[in-house]
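Okay, query.cif now, which holds mmCIF, C-alpha atoms:
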```
data_entry
#
loop_
_atom_site.group_PDB
_atom_site.id
_atom_site.type_symbol
_atom_site.label_atom_id
_atom_site.label_comp_id
_atom_site.auth_asym_id
_atom_site.auth_seq_id
_atom_site.Cartn_x
_atom_site.Cartn_y
_atom_site.Cartn_z
ATOM 1 C CA MET X 1 8.524 -4.820 -13.600
ATOM 2 C CA ASP X 2 10.347 -6.788 -10.906
ATOM 3 C CA ARG X 3 9.157 -10.278 -10.002
ATOM 4 C CA VAL X 4 9.121 -11.813 -6.564
ATOM 5 C CA PRO X 5 10.736 -15.288 -6.466
ATOM 6 C CA ILE X 6 8.897 -18.251 -4.909
ATOM 7 C CA LEU X 7 10.910 -20.987 -3.178
ATOM 8 C CA LYS X 8 9.505 -24.444 -2.424
ATOM 9 C CA ILE X 9 10.809 -25.970 0.797
ATOM 10 C CA GLY X 10 9.155 -29.313 1.600
ATOM 11 C CA THR X 11 5.408 -28.750 1.391
ATOM 12 C CA THR X 12 5.718 -24.992 1.929
ATOM 13 C CA LEU X 13 6.101 -22.175 -0.571
ATOM 14 C CA PHE X 14 8.295 -19.391 0.735
ATOM 15 C CA VAL X 15 8.102 -15.830 -0.570
ATOM 16 C CA SER X 16 10.297 -13.022 0.697
ATOM 17 C CA ILE X 17 9.414 -9.625 -0.709
ATOM 18 C CA GLN X 18 12.621 -7.642 -1.101
ATOM 19 C CA ILE X 19 11.517 -5.053 -3.652
ATOM 20 C CA ASP X 20 9.545 -1.831 -3.562
ATOM 21 C CA LEU X 21 6.218 -3.348 -4.611
ATOM 22 C CA GLN X 22 4.412 -1.846 -7.522
ATOM 23 C CA ASP X 23 0.874 -2.966 -8.269
ATOM 24 C CA GLU X 24 1.804 -5.110 -11.262
ATOM 25 C CA SER X 25 4.399 -7.015 -9.211
ATOM 26 C CA VAL X 26 1.810 -7.979 -6.558
ATOM 27 C CA VAL X 27 -0.706 -9.086 -9.196
ATOM 28 C CA ARG X 28 2.032 -11.147 -10.835
ATOM 29 C CA LEU X 29 2.978 -12.703 -7.492
ATOM 30 C CA GLN X 30 -0.650 -13.716 -6.975
ATOM 31 C CA GLU X 31 -0.732 -15.472 -10.359
ATOM 32 C CA ASP X 32 2.678 -17.096 -9.904
ATOM 33 C CA LEU X 33 1.660 -18.405 -6.465
ATOM 34 C CA ALA X 34 -1.591 -19.886 -7.801
ATOM 35 C CA ASP X 35 0.366 -21.649 -10.566
ATOM 36 C CA GLU X 36 2.954 -22.873 -8.089
ATOM 37 C CA LEU X 37 0.300 -24.152 -5.647
ATOM 38 C CA ALA X 38 -1.422 -26.063 -8.453
ATOM 39 C CA ALA X 39 1.862 -27.513 -9.713
ATOM 40 C CA THR X 40 3.370 -28.517 -6.361
ATOM 41 C CA GLY X 41 0.394 -29.305 -4.123
ATOM 42 C CA ALA X 42 2.068 -27.324 -1.350
ATOM 43 C CA HIS X 43 0.058 -27.000 1.869
ATOM 44 C CA GLY X 44 1.421 -23.734 3.150
ATOM 45 C CA VAL X 45 2.560 -20.329 1.953
ATOM 46 C CA ILE X 46 4.804 -18.075 3.988
ATOM 47 C CA ILE X 47 5.068 -14.461 2.852
ATOM 48 C CA ASP X 48 7.875 -12.573 4.529
ATOM 49 C CA ILE X 49 7.335 -8.798 4.518
ATOM 50 C CA THR X 50 10.234 -7.873 6.817
ATOM 51 C CA ALA X 51 11.666 -5.616 4.104
ATOM 52 C CA VAL X 52 8.344 -4.079 3.079
ATOM 53 C CA GLU X 53 8.160 -0.435 4.161
ATOM 54 C CA ILE X 54 4.514 0.204 3.353
ATOM 55 C CA VAL X 55 1.372 -1.827 2.738
ATOM 56 C CA ASP X 56 -1.369 0.328 1.242
ATOM 57 C CA SER X 57 -4.967 -0.680 0.528
ATOM 58 C CA PHE X 58 -4.145 -2.233 -2.846
ATOM 59 C CA ILE X 59 -1.181 -4.282 -1.659
ATOM 60 C CA GLY X 60 -3.126 -5.301 1.469
ATOM 61 C CA ARG X 61 -6.106 -6.407 -0.583
ATOM 62 C CA MET X 62 -3.842 -8.456 -2.837
ATOM 63 C CA LEU X 63 -2.192 -10.143 0.167
ATOM 64 C CA ALA X 64 -5.625 -11.005 1.582
ATOM 65 C CA MET X 65 -6.637 -12.402 -1.814
ATOM 66 C CA ILE X 66 -3.531 -14.590 -1.899
ATOM 67 C CA GLY X 67 -4.816 -16.056 1.389
ATOM 68 C CA SER X 68 -8.223 -16.788 -0.152
ATOM 69 C CA ILE X 69 -6.744 -18.251 -3.330
ATOM 70 C CA SER X 70 -4.376 -20.488 -1.337
ATOM 71 C CA ARG X 71 -7.319 -21.908 0.599
ATOM 72 C CA LEU X 72 -8.865 -23.066 -2.665
ATOM 73 C CA PHE X 73 -5.698 -25.133 -3.133
ATOM 74 C CA ASP X 74 -5.930 -26.552 0.403
ATOM 75 C CA ALA X 75 -3.063 -24.354 1.563
ATOM 76 C CA GLU X 76 -2.784 -21.941 4.484
ATOM 77 C CA THR X 77 -1.092 -18.544 4.119
ATOM 78 C CA VAL X 78 0.924 -16.943 6.894
ATOM 79 C CA LEU X 79 2.159 -13.365 6.631
ATOM 80 C CA VAL X 80 5.332 -12.887 8.668
ATOM 81 C CA GLY X 81 7.659 -10.067 9.686
ATOM 82 C CA MET X 82 5.316 -7.105 9.518
ATOM 83 C CA ARG X 83 7.019 -3.921 10.750
ATOM 84 C CA PRO X 84 5.352 -2.171 13.701
ATOM 85 C CA ALA X 85 4.896 1.062 11.706
ATOM 86 C CA VAL X 86 3.214 -0.918 8.922
ATOM 87 C CA ALA X 87 0.870 -2.628 11.412
ATOM 88 C CA ILE X 88 -0.165 0.728 12.914
ATOM 89 C CA THR X 89 -0.696 2.299 9.486
ATOM 90 C CA LEU X 90 -2.705 -0.660 8.138
ATOM 91 C CA THR X 91 -5.010 -0.546 11.143
ATOM 92 C CA GLU X 92 -5.570 3.191 10.796
ATOM 93 C CA LEU X 93 -6.176 2.735 7.081
ATOM 94 C CA GLY X 94 -9.001 0.361 8.029
ATOM 95 C CA LEU X 95 -7.590 -2.838 6.582
ATOM 96 C CA SER X 96 -8.003 -5.990 8.649
ATOM 97 C CA LEU X 97 -6.357 -8.581 6.338
ATOM 98 C CA ARG X 98 -9.003 -11.168 7.172
ATOM 99 C CA GLY X 99 -8.164 -14.467 5.587
ATOM 100 C CA VAL X 100 -4.458 -14.460 6.231
ATOM 101 C CA ARG X 101 -2.827 -15.598 9.425
ATOM 102 C CA THR X 102 0.147 -13.729 10.761
ATOM 103 C CA ALA X 103 3.237 -14.667 12.738
ATOM 104 C CA LEU X 104 6.111 -12.679 14.168
ATOM 105 C CA ASN X 105 8.769 -14.219 11.942
ATOM 106 C CA ALA X 106 9.382 -16.981 9.404
ATOM 107 C CA GLU X 107 10.284 -19.530 12.086
ATOM 108 C CA LYS X 108 7.035 -18.967 14.007
ATOM 109 C CA GLY X 109 5.141 -18.987 10.718
ATOM 110 C CA LEU X 110 6.507 -22.434 9.908
ATOM 111 C CA GLU X 111 5.559 -23.665 13.395
ATOM 112 C CA LEU X 112 2.030 -22.376 12.810
ATOM 113 C CA LEU X 113 1.787 -24.225 9.490
ATOM 114 C CA ASN X 114 3.224 -27.459 10.886
ATOM 115 C CA GLY X 115 0.986 -27.294 13.929
ATOM 116 C CA SER X 116 -2.113 -26.967 11.790
ATOM 117 C CA ALA X 117 -1.047 -29.633 9.274
ATOM 118 C CA MET C 1 10.128 21.448 -4.396
ATOM 119 C CA ASP C 2 10.213 18.179 -6.295
ATOM 120 C CA GLU C 3 7.810 17.575 -9.145
ATOM 121 C CA LEU C 4 7.253 13.987 -10.129
ATOM 122 C CA PRO C 5 5.160 12.723 -13.027
ATOM 123 C CA ILE C 6 2.697 9.887 -12.377
ATOM 124 C CA ARG C 7 2.329 7.933 -15.612
ATOM 125 C CA THR C 8 3.177 4.330 -14.693
ATOM 126 C CA GLY C 9 3.243 1.944 -11.730
ATOM 127 C CA ASP C 10 6.972 2.631 -11.464
ATOM 128 C CA ASP C 11 6.203 6.338 -11.033
ATOM 129 C CA VAL C 12 3.944 5.515 -8.060
ATOM 130 C CA VAL C 13 6.911 3.728 -6.460
ATOM 131 C CA ARG C 14 9.150 6.748 -7.165
ATOM 132 C CA VAL C 15 6.624 9.103 -5.532
ATOM 133 C CA ARG C 16 6.623 6.862 -2.427
ATOM 134 C CA GLN C 17 10.427 6.847 -2.300
ATOM 135 C CA GLN C 18 10.648 10.626 -2.681
ATOM 136 C CA VAL C 19 8.016 11.229 0.017
ATOM 137 C CA ARG C 20 9.942 8.861 2.309
ATOM 138 C CA VAL C 21 13.212 10.781 1.770
ATOM 139 C CA VAL C 22 11.586 14.179 2.379
ATOM 140 C CA ALA C 23 9.568 12.955 5.398
ATOM 141 C CA ALA C 24 12.714 11.543 6.997
ATOM 142 C CA LYS C 25 14.583 14.795 6.343
ATOM 143 C CA THR C 26 11.702 16.750 7.889
ATOM 144 C CA GLY C 27 12.132 14.801 11.109
ATOM 145 C CA LEU C 28 8.904 12.805 11.089
ATOM 146 C CA SER C 29 8.892 9.705 13.296
ATOM 147 C CA LEU C 30 9.112 6.320 11.599
ATOM 148 C CA VAL C 31 5.392 5.695 12.136
ATOM 149 C CA ASP C 32 4.459 9.124 10.735
ATOM 150 C CA GLN C 33 6.788 8.587 7.769
ATOM 151 C CA THR C 34 5.064 5.279 7.068
ATOM 152 C CA LYS C 35 1.621 6.897 7.349
ATOM 153 C CA VAL C 36 2.386 9.748 4.954
ATOM 154 C CA VAL C 37 4.142 7.442 2.467
ATOM 155 C CA THR C 38 1.118 5.107 2.550
ATOM 156 C CA ALA C 39 -1.264 8.032 2.006
ATOM 157 C CA ALA C 40 0.918 9.237 -0.893
ATOM 158 C CA SER C 41 0.801 5.757 -2.401
ATOM 159 C CA GLU C 42 -3.016 5.729 -2.316
ATOM 160 C CA LEU C 43 -3.276 9.201 -3.855
ATOM 161 C CA ALA C 44 -0.636 8.581 -6.524
ATOM 162 C CA ARG C 45 -2.459 5.404 -7.540
ATOM 163 C CA ASN C 46 -5.757 7.307 -7.688
ATOM 164 C CA ALA C 47 -4.172 9.902 -9.982
ATOM 165 C CA LEU C 48 -2.895 7.089 -12.211
ATOM 166 C CA VAL C 49 -5.949 4.814 -12.242
ATOM 167 C CA HIS C 50 -8.819 7.310 -12.040
ATOM 168 C CA GLY C 51 -7.134 10.464 -13.342
ATOM 169 C CA GLY C 52 -5.271 8.888 -16.234
ATOM 170 C CA GLY C 53 -1.955 10.090 -14.816
ATOM 171 C CA GLY C 54 -0.895 13.291 -13.158
ATOM 172 C CA LEU C 55 1.718 15.085 -11.134
ATOM 173 C CA ALA C 56 2.961 14.963 -7.530
ATOM 174 C CA ARG C 57 4.662 17.907 -5.824
ATOM 175 C CA VAL C 58 6.603 17.165 -2.643
ATOM 176 C CA GLU C 59 7.901 19.944 -0.410
ATOM 177 C CA VAL C 60 8.968 20.793 3.119
ATOM 178 C CA ILE C 61 6.925 23.508 4.830
ATOM 179 C CA THR C 62 7.146 25.372 8.130
ATOM 180 C CA SER C 63 4.132 26.341 10.248
ATOM 181 C CA ALA C 64 3.613 29.727 11.913
ATOM 182 C CA LEU C 65 4.745 28.089 15.152
ATOM 183 C CA GLY C 66 7.968 26.866 13.582
ATOM 184 C CA LYS C 67 6.955 23.229 13.176
ATOM 185 C CA SER C 68 8.110 21.546 10.002
ATOM 186 C CA GLY C 69 6.076 19.257 7.860
ATOM 187 C CA VAL C 70 5.854 17.613 4.490
ATOM 188 C CA ARG C 71 3.264 18.745 1.984
ATOM 189 C CA ILE C 72 2.334 16.716 -1.080
ATOM 190 C CA GLY C 73 0.060 17.937 -3.845
ATOM 191 C CA PHE C 74 -1.450 15.603 -6.418
ATOM 192 C CA THR C 75 -3.106 16.841 -9.588
ATOM 193 C CA ASP C 76 -4.642 15.019 -12.491
ATOM 194 C CA GLU C 77 -6.610 15.980 -15.564
ATOM 195 C CA GLY C 78 -9.028 13.095 -15.244
ATOM 196 C CA PRO C 79 -12.827 13.056 -15.276
ATOM 197 C CA GLY C 80 -13.012 14.508 -11.747
ATOM 198 C CA ILE C 81 -15.265 13.476 -8.868
ATOM 199 C CA ALA C 82 -18.968 14.342 -8.993
ATOM 200 C CA ASP C 83 -19.706 13.777 -5.304
ATOM 201 C CA VAL C 84 -16.624 14.450 -3.165
ATOM 202 C CA ASP C 85 -18.380 13.647 0.140
ATOM 203 C CA LEU C 86 -19.467 10.278 -1.180
ATOM 204 C CA ALA C 87 -15.990 9.516 -2.548
ATOM 205 C CA LEU C 88 -14.558 10.158 0.930
ATOM 206 C CA THR C 89 -16.908 7.667 2.585
ATOM 207 C CA ASP C 90 -15.318 4.491 3.966
ATOM 208 C CA GLY C 91 -16.229 1.570 1.769
ATOM 209 C CA TRP C 92 -17.513 3.610 -1.147
ATOM 210 C CA SER C 93 -15.757 2.442 -4.256
ATOM 211 C CA SER C 94 -15.820 3.324 -7.929
ATOM 212 C CA GLY C 95 -15.585 -0.390 -8.516
ATOM 213 C CA VAL C 96 -11.942 -1.400 -8.529
ATOM 214 C CA GLY C 97 -10.986 -1.390 -4.877
ATOM 215 C CA LEU C 98 -12.160 -1.669 -1.308
ATOM 216 C CA GLY C 99 -13.105 1.977 -1.064
ATOM 217 C CA LEU C 100 -10.453 2.662 1.552
ATOM 218 C CA GLY C 101 -7.952 4.549 -0.589
ATOM 219 C CA LEU C 102 -9.255 8.107 -0.345
ATOM 220 C CA SER C 103 -10.880 7.873 3.092
ATOM 221 C CA GLY C 104 -7.901 5.915 4.454
ATOM 222 C CA ALA C 105 -5.406 8.425 3.067
ATOM 223 C CA ARG C 106 -7.315 11.229 4.806
ATOM 224 C CA ARG C 107 -7.036 9.440 8.166
ATOM 225 C CA LEU C 108 -3.291 8.998 7.786
ATOM 226 C CA VAL C 109 -2.427 12.705 7.399
ATOM 227 C CA ASP C 110 -2.961 15.889 9.448
ATOM 228 C CA GLU C 111 -4.407 18.051 6.685
ATOM 229 C CA PHE C 112 -6.338 16.937 3.631
ATOM 230 C CA GLU C 113 -7.864 19.108 0.966
ATOM 231 C CA LEU C 114 -9.611 17.749 -2.086
ATOM 232 C CA THR C 115 -10.883 19.882 -4.953
ATOM 233 C CA SER C 116 -12.585 18.367 -7.902
ATOM 234 C CA LYS C 117 -15.223 19.084 -10.480
ATOM 235 C CA PRO C 118 -16.567 16.731 -13.094
ATOM 236 C CA GLY C 119 -14.633 17.327 -16.276
ATOM 237 C CA SER C 120 -11.815 19.398 -14.791
ATOM 238 C CA GLY C 121 -9.616 16.921 -12.927
ATOM 239 C CA THR C 122 -8.855 16.413 -9.267
ATOM 240 C CA SER C 123 -6.402 18.022 -6.890
ATOM 241 C CA VAL C 124 -5.522 16.665 -3.450
ATOM 242 C CA VAL C 125 -3.134 18.385 -1.035
ATOM 243 C CA VAL C 126 -2.037 16.623 2.151
ATOM 244 C CA VAL C 127 0.211 17.720 5.011
ATOM 245 C CA LYS C 128 1.863 15.697 7.761
ATOM 246 C CA TRP C 129 3.511 17.704 10.547
ATOM 247 C CA SER C 130 6.439 16.575 12.651
ATOM 248 C CA ARG C 131 5.583 16.300 16.354
#
```
In structure tokens, write the structure found in this file.
Amino acid sequence: MDRVPILKIGTTLFVSIQIDLQDESVVRLQEDLADELAATGAHGVIIDITAVEIVDSFIGRMLAMIGSISRLFDAETVLVGMRPAVAITLTELGLSLRGVRTALNAEKGLELLNGSA
Amino acid sequence: MDELPIRTGDDVVRVRQQVRVVAAKTGLSLVDQTKVVTAASELARNALVHGGGGLARVEVITSALGKSGVRIGFTDEGPGIADVDLALTDGWSSGVGLGLGLSGARRLVDEFELTSKPGSGTSVVVVKWSR
């Protein structure tokens, strides 16, 4: 199973998903992020999904849960870089991803986090 | 026709990749490729989680009018589904998910056929046509 690395930059945790996500990898990411939030006291999480070709109901649910978990650590999660085809498919699938904010790209995501800090 | 086993999470990823390759070759648009790959991901996971593993068959087909499409068949030898209509309802879940997998997968494809009986496994065949 591949793991997704988490980078800490200032008070933000940065995650860029560059692998073909299998279920175990997303569950692991969720646990790693919770540990990292507890250890660092970071106030924001940016998840870059520019390279992610599909988000199905399981992966989507896990991303939404990461948003909820982060909030328990006083951190905001921003999902950035969603592909247009993924956005259309997610909507048709019926997934709303409530609980996570979204931004066009990593730069705008950071602005969103800093603006709400 | 490609036959792919579904025994592990890695196999689900391989099914997605194979469906992507075939859908692209069939000439589906990027959005339609993404839809059919997402549907395949839901159904492959179902075969793994609820069916205890199974098989995916991916093939290119041609309609009577000459349109090409990708057809994917999923079979498992699991416990089967007692109430197919209920299982296809948005929000109905066997307990592990949101209940969007099966109903969502159906919305993402052009043709969807599910056959199942308690005790004799489940078979789902989906088709996505190029436009």
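Checking C:Val124, C:Leu28, C:Val49, C:Val13 one by one against Lys67 of chain C, counting only C-alpha atoms, you find the shortest gap at C:Leu28.
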How close does each residue of chain C get to chain X, giving the shortest atom pair and distance in Å to one decimal for every residue with an atom at most 6 Å away, counting all atoms listed in the file, sorted by chain and residue number, as CSV?
```
residue,atom,partner,partner_atom,distance
C:Gly9,CA,X:Gln22,CA,5.8
C:Val31,CA,X:Ala85,CA,4.7
C:Lys35,CA,X:Thr89,CA,5.6
C:Thr38,CA,X:Asp56,CA,5.5
C:Gly104,CA,X:Leu93,CA,4.5
```
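Shortest separation to Arg106 of chain C among C:Val21, C:Val70, C:Ala82, C:Leu43 occurs at residue C:Leu43, atoms counted being all atoms listed in the file.
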(request) Could you state which residues are captured by the PyMOL selection byres ((chain X and resi 82) around 6) in this file, as a PyMOL selection string? (result) chain X and resi 49-50+80-81+83
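Across the model, the gap from atom CA of Val52 of chain X to atom CA of Leu29 of chain X is 14.7 Å.
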(message) I'd like the contact shell of Ala44 of chain C - 9 Å cut-off, only C-alpha atoms, skipping same-chain residues fewer than 2 positions apart - returned as an MDAnalysis selection string.
(response) chainID C and resid 6 11:13 15:16 39:42 46:49 53:56 74
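For Ala42 of chain X, the list of residues within 9 Å, based on all atoms listed in the file and with local chain neighbours fewer than 3 positions off taken out, reads Lys8, Gly10, Thr11, Thr12, Leu13, Glu36, Leu37, Ala38, Ala39, Val45, Phe73, Asp74 and Ala75 of chain X.
Picture a line from atom CA of Ser116 of chain C to atom CA of Lys128 of chain C; it runs 21.5 Å.
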Need the shell around Val19 of chain C: protein/DNA/RNA residues with any atom at most 9 Å away, counting only C-alpha atoms. Skip same-chain ones fewer than 3 positions apart. Format as an mmCIF file with C-alpha atoms, in the coordinates of the input?
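Saved result, out08.cif, follows:
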```cif
data_model
loop_
_atom_site.group_PDB
_atom_site.id
_atom_site.type_symbol
_atom_site.label_atom_id
_atom_site.label_comp_id
_atom_site.auth_asym_id
_atom_site.auth_seq_id
_atom_site.Cartn_x
_atom_site.Cartn_y
_atom_site.Cartn_z
ATOM 1 C CA ARG C 14 9.150 6.748 -7.165
ATOM 2 C CA VAL C 15 6.624 9.103 -5.532
ATOM 3 C CA ARG C 16 6.623 6.862 -2.427
ATOM 4 C CA VAL C 22 11.586 14.179 2.379
ATOM 5 C CA ALA C 23 9.568 12.955 5.398
ATOM 6 C CA ALA C 24 12.714 11.543 6.997
ATOM 7 C CA GLN C 33 6.788 8.587 7.769
ATOM 8 C CA VAL C 36 2.386 9.748 4.954
ATOM 9 C CA VAL C 37 4.142 7.442 2.467
ATOM 10 C CA ALA C 40 0.918 9.237 -0.893
ATOM 11 C CA VAL C 58 6.603 17.165 -2.643
ATOM 12 C CA GLU C 59 7.901 19.944 -0.410
ATOM 13 C CA VAL C 70 5.854 17.613 4.490
ATOM 14 C CA ILE C 72 2.334 16.716 -1.080
#
```
With the input short on atoms, add N, CA and C atoms back to segment 60-77 of chain C and write it as a PDB file, in the coordinates of the input.
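And here's out-v2.pdb as it stands now:
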```pdb
ATOM      1  N   VAL C  60       8.894  20.602   1.673  1.00  0.00           N
ATOM      2  CA  VAL C  60       8.968  20.793   3.119  1.00  0.00           C
ATOM      3  C   VAL C  60       8.363  22.151   3.431  1.00  0.00           C
ATOM      4  N   ILE C  61       7.521  22.228   4.461  1.00  0.00           N
ATOM      5  CA  ILE C  61       6.925  23.508   4.830  1.00  0.00           C
ATOM      6  C   ILE C  61       7.134  23.758   6.329  1.00  0.00           C
ATOM      7  N   THR C  62       7.001  25.009   6.725  1.00  0.00           N
ATOM      8  CA  THR C  62       7.146  25.372   8.130  1.00  0.00           C
ATOM      9  C   THR C  62       5.882  26.100   8.585  1.00  0.00           C
ATOM     10  N   SER C  63       5.357  25.710   9.743  1.00  0.00           N
ATOM     11  CA  SER C  63       4.132  26.341  10.248  1.00  0.00           C
ATOM     12  C   SER C  63       4.460  27.664  10.919  1.00  0.00           C
ATOM     13  N   ALA C  64       3.422  28.441  11.246  1.00  0.00           N
ATOM     14  CA  ALA C  64       3.613  29.727  11.913  1.00  0.00           C
ATOM     15  C   ALA C  64       4.314  29.540  13.261  1.00  0.00           C
ATOM     16  N   LEU C  65       4.130  28.359  13.853  1.00  0.00           N
ATOM     17  CA  LEU C  65       4.745  28.089  15.152  1.00  0.00           C
ATOM     18  C   LEU C  65       6.135  27.470  15.030  1.00  0.00           C
ATOM     19  N   GLY C  66       6.612  27.370  13.785  1.00  0.00           N
ATOM     20  CA  GLY C  66       7.968  26.866  13.582  1.00  0.00           C
ATOM     21  C   GLY C  66       8.078  25.361  13.425  1.00  0.00           C
ATOM     22  N   LYS C  67       6.920  24.679  13.395  1.00  0.00           N
ATOM     23  CA  LYS C  67       6.955  23.229  13.176  1.00  0.00           C
ATOM     24  C   LYS C  67       7.180  22.954  11.697  1.00  0.00           C
ATOM     25  N   SER C  68       7.927  21.875  11.413  1.00  0.00           N
ATOM     26  CA  SER C  68       8.110  21.546  10.002  1.00  0.00           C
ATOM     27  C   SER C  68       7.236  20.366   9.618  1.00  0.00           C
ATOM     28  N   GLY C  69       6.936  20.328   8.352  1.00  0.00           N
ATOM     29  CA  GLY C  69       6.076  19.257   7.860  1.00  0.00           C
ATOM     30  C   GLY C  69       6.333  18.983   6.399  1.00  0.00           C
ATOM     31  N   VAL C  70       5.726  17.923   5.907  1.00  0.00           N
ATOM     32  CA  VAL C  70       5.854  17.613   4.490  1.00  0.00           C
ATOM     33  C   VAL C  70       4.487  17.796   3.840  1.00  0.00           C
ATOM     34  N   ARG C  71       4.513  18.518   2.713  1.00  0.00           N
ATOM     35  CA  ARG C  71       3.264  18.745   1.984  1.00  0.00           C
ATOM     36  C   ARG C  71       3.374  18.108   0.602  1.00  0.00           C
ATOM     37  N   ILE C  72       2.332  17.361   0.229  1.00  0.00           N
ATOM     38  CA  ILE C  72       2.334  16.716  -1.080  1.00  0.00           C
ATOM     39  C   ILE C  72       1.059  17.098  -1.804  1.00  0.00           C
ATOM     40  N   GLY C  73       1.210  17.591  -3.023  1.00  0.00           N
ATOM     41  CA  GLY C  73       0.060  17.937  -3.845  1.00  0.00           C
ATOM     42  C   GLY C  73      -0.034  16.985  -5.029  1.00  0.00           C
ATOM     43  N   PHE C  74      -1.227  16.484  -5.271  1.00  0.00           N
ATOM     44  CA  PHE C  74      -1.450  15.603  -6.418  1.00  0.00           C
ATOM     45  C   PHE C  74      -2.456  16.267  -7.346  1.00  0.00           C
ATOM     46  N   THR C  75      -2.138  16.311  -8.629  1.00  0.00           N
ATOM     47  CA  THR C  75      -3.106  16.841  -9.588  1.00  0.00           C
ATOM     48  C   THR C  75      -3.243  15.871 -10.743  1.00  0.00           C
ATOM     49  N   ASP C  76      -4.447  15.772 -11.249  1.00  0.00           N
ATOM     50  CA  ASP C  76      -4.642  15.019 -12.491  1.00  0.00           C
ATOM     51  C   ASP C  76      -5.656  15.749 -13.353  1.00  0.00           C
ATOM     52  N   GLU C  77      -5.697  15.350 -14.599  1.00  0.00           N
ATOM     53  CA  GLU C  77      -6.610  15.980 -15.564  1.00  0.00           C
ATOM     54  C   GLU C  77      -7.733  15.013 -15.922  1.00  0.00           C
TER      55      GLU C  77
END
```
